[in-house]
Amino acid sequence: MTLHTHQTAPTQYVQANGIRFAYRRFGKAGGVPLVLNMHFTGTMDHWDPLITDGLAKDREVILFNNAGIASSSGEVPTTIEGMAANAAAFIKALGLTQVDVLGFSLGGLVAQTLAIDEPRLVRKLVLVGTGPRSGEGMASLTPEAQRIFGATYDEPDHLWLKVFFTDSAASQAAGRAFLQRFRLRTQDRDPEVNEKVAPAQIEALGKWGAPRENPYDYLKQLHQPTLVINGGTDVIIYTINSYLLQQHIPNAQLILYPDANHGSQYQYPDRFVKHVSDFIAEAN
């Protein structure tokens, strides 16, 4: 049997909800798979191979593009709830009855909603660089995020040095190493997202972040063991939002990485893999 990695796992497809979902799965089969949900305008190829391959040593990892993203068909929903419903349909179409779920940034909003809507399907939850409904600075893109996404860069990938990493020399060096890993897969690579994706996702983010009464009460419905991870100085989804998640989810723990921005897991990939792997391996 061929043991695939992040670089070699073939892109496969499955139909659900009238959508042809693109996905890749690799790693140690037999246990509860880990399903990863990606950030704003990201595809399967935006994950860090050090992280996905590291996690895949002990479990099966499943990457996928939700509806309307890159090689998946359909339209991007303009609500987080719609994205979560599509994610649930995708997981069930694979014949899976229980999964662990990791969500990064926008994917963390989807992961929260999926875990609440499908409590029997989702066993454990990992929330990275994300926040709650009506979180601090989440009604729109933060001023820092607006400047970063609105700027021009000598190379398009250099956007991610500002989104994910701080301005310190150590963080920027980690960022450049991440960009090298990020581009390692050259065969069967996902196309970039089309021009419809960002506006739909921004609309969904705006609805999620809009002010409301008792905004964090919904988190009491998250009964799954939950690990919250972020950088200590996230300017895309402010770090305070990770603390709010940990305070309002009944069974949550929080880890903040030093001198780290929105992509703290890419700055400390080995540490991140260990923290997530230990958490998933723990008895409930």
# chains A, B, ... in the order shown; residues from 1 in each chain; ligands from 1

$ residues_around --residues "Asp259 (chain A)" --least-positions-apart "4" --cutoff "9 Å" --atoms "only C-alpha atoms" --output "PyMOL selection string"
chain A and resi 165-166+168+170-171+231-233+264

$ write_last_selection --atoms "C-alpha atoms" --output "PDB file, in the first residue's frame"
ATOM      1  CA  PHE A 165       3.806  36.641  11.262  1.00  0.00           C
ATOM      2  CA  THR A 166       4.956  39.572  13.395  1.00  0.00           C
ATOM      3  CA  SER A 168      10.311  40.626  14.447  1.00  0.00           C
ATOM      4  CA  ALA A 170      12.671  35.715  14.218  1.00  0.00           C
ATOM      5  CA  SER A 171       9.034  35.666  13.161  1.00  0.00           C
ATOM      6  CA  GLY A 231      -0.394  33.902  18.711  1.00  0.00           C
ATOM      7  CA  GLY A 232      -0.028  36.359  21.540  1.00  0.00           C
ATOM      8  CA  THR A 233      -0.302  39.316  19.140  1.00  0.00           C
ATOM      9  CA  SER A 264       1.226  31.040  15.114  1.00  0.00           C
TER      10      SER A 264
END

$ select_by_dssp --residues "region 72-260 of chain A" --states "strand (DSSP E or B)" --output "PyMOL selection string"
chain A and resi 99-104+122-128+226-231+252-257

$ closest_atom_pairs --of "region 90-186 of chain A" --to "region 196-217 of chain A" --cutoff "7 Å" --atoms "only C-alpha atoms" --output "CSV"
residue,atom,partner,partner_atom,distance
A:Pro132,CA,A:Tyr216,CA,6.8
A:Arg133,CA,A:Trp208,CA,5.3
A:Ser134,CA,A:Gly209,CA,4.1
A:Gly135,CA,A:Gly209,CA,6.1
A:Met138,CA,A:Gly209,CA,4.6
A:Ala139,CA,A:Gly209,CA,4.0
A:Ser140,CA,A:Gly206,CA,5.6

$ atom_distance --atom1 "CA of Ala87 (chain A)" --atom2 "CA of Gln246 (chain A)"
23.6 Å

$ closest_residue --among "A:Val126, A:Arg183, A:Tyr268, A:Ile237" --to "Asn251 (chain A)" --atoms "only C-alpha atoms"
A:Val126

$ closest_atom_pairs --of "region 74-182 of chain A" --to "region 42-49 of chain A" --cutoff "8 Å" --atoms "only C-alpha atoms" --output "Markdown table"
| residue | atom | partner | partner_atom | distance |
| --- | --- | --- | --- | --- |
| A:Phe178 | CA | A:Asp48 | CA | 7.0 |
| A:Arg181 | CA | A:Pro49 | CA | 6.5 |
| A:Phe182 | CA | A:Asp48 | CA | 5.6 |

$ write_last_selection --atoms "N, CA and C atoms" --output "tab-separated table (two decimals), in the first residue's frame"
chain	number	residue	atom	x	y	z
A	178	PHE	N	8.22	29.08	6.13
A	178	PHE	CA	6.87	28.59	5.84
A	178	PHE	C	6.54	28.73	4.35
A	181	ARG	N	7.98	25.95	2.35
A	181	ARG	CA	7.24	24.68	2.53
A	181	ARG	C	5.90	24.73	1.82
A	182	PHE	N	5.26	25.86	1.90
A	182	PHE	CA	3.93	26.08	1.36
A	182	PHE	C	3.88	25.85	-0.15

$ atom_distance --atom1 "CA of Ala88 (chain A)" --atom2 "CA of Arg59 (chain A)"
19.8 Å

$ residues_around --residues "Thr52 (chain A)" --least-positions-apart "2" --cutoff "9 Å" --atoms "only C-alpha atoms" --output "ChimeraX atom specification"
/A:5-6,27,47-50,54-57,61,63,273

$ residues_around --residues "Val122 (chain A)" --least-positions-apart "3" --cutoff "7 Å" --atoms "only C-alpha atoms" --output "list of chain:residue names"
A:Gln98, A:Val99, A:Asp100, A:Val101, A:Ala115, A:Glu118, A:Pro119

$ closest_residue --among "A:Asp188, A:Ala111, A:Thr8, A:Gln15" --to "Val228 (chain A)" --atoms "only C-alpha atoms"
A:Ala111

$ closest_residue --among "A:Thr11, A:Ser105, A:Asn37, A:Thr142" --to "Val235 (chain A)" --atoms "only C-alpha atoms"
A:Thr142

$ closest_residue --among "A:Gln187, A:Ser277, A:Thr239, A:Asn86" --to "Glu60 (chain A)" --atoms "only C-alpha atoms"
A:Ser277

$ select_by_dssp --residues "region 12-154 of chain A" --states "helix (DSSP H, G or I)" --output "number ranges by chain"
A: 44-46, 49-56, 80-93, 106-117, 143-150

$ residues_around --residues "Leu161 (chain A)" --least-positions-apart "2" --cutoff "10 Å" --atoms "only C-alpha atoms" --output "list in words"
Ile148, Asp157, His158, Leu159, Val163, Phe164, Phe165, Thr166, Asp167, Ser171, Gln172, Ala173, Ala174, Gly175, Arg176, Phe178, Leu179, Asn261 and Gly263 of chain A

$ closest_residue --among "A:Asp117, A:Glu136, A:Asp278, A:Glu75" --to "Tyr238 (chain A)" --atoms "only C-alpha atoms"
A:Glu136

$ closest_residue --among "A:Gln221, A:Thr79, A:Gln12, A:Asn65" --to "Leu94 (chain A)" --atoms "only C-alpha atoms"
A:Gln12
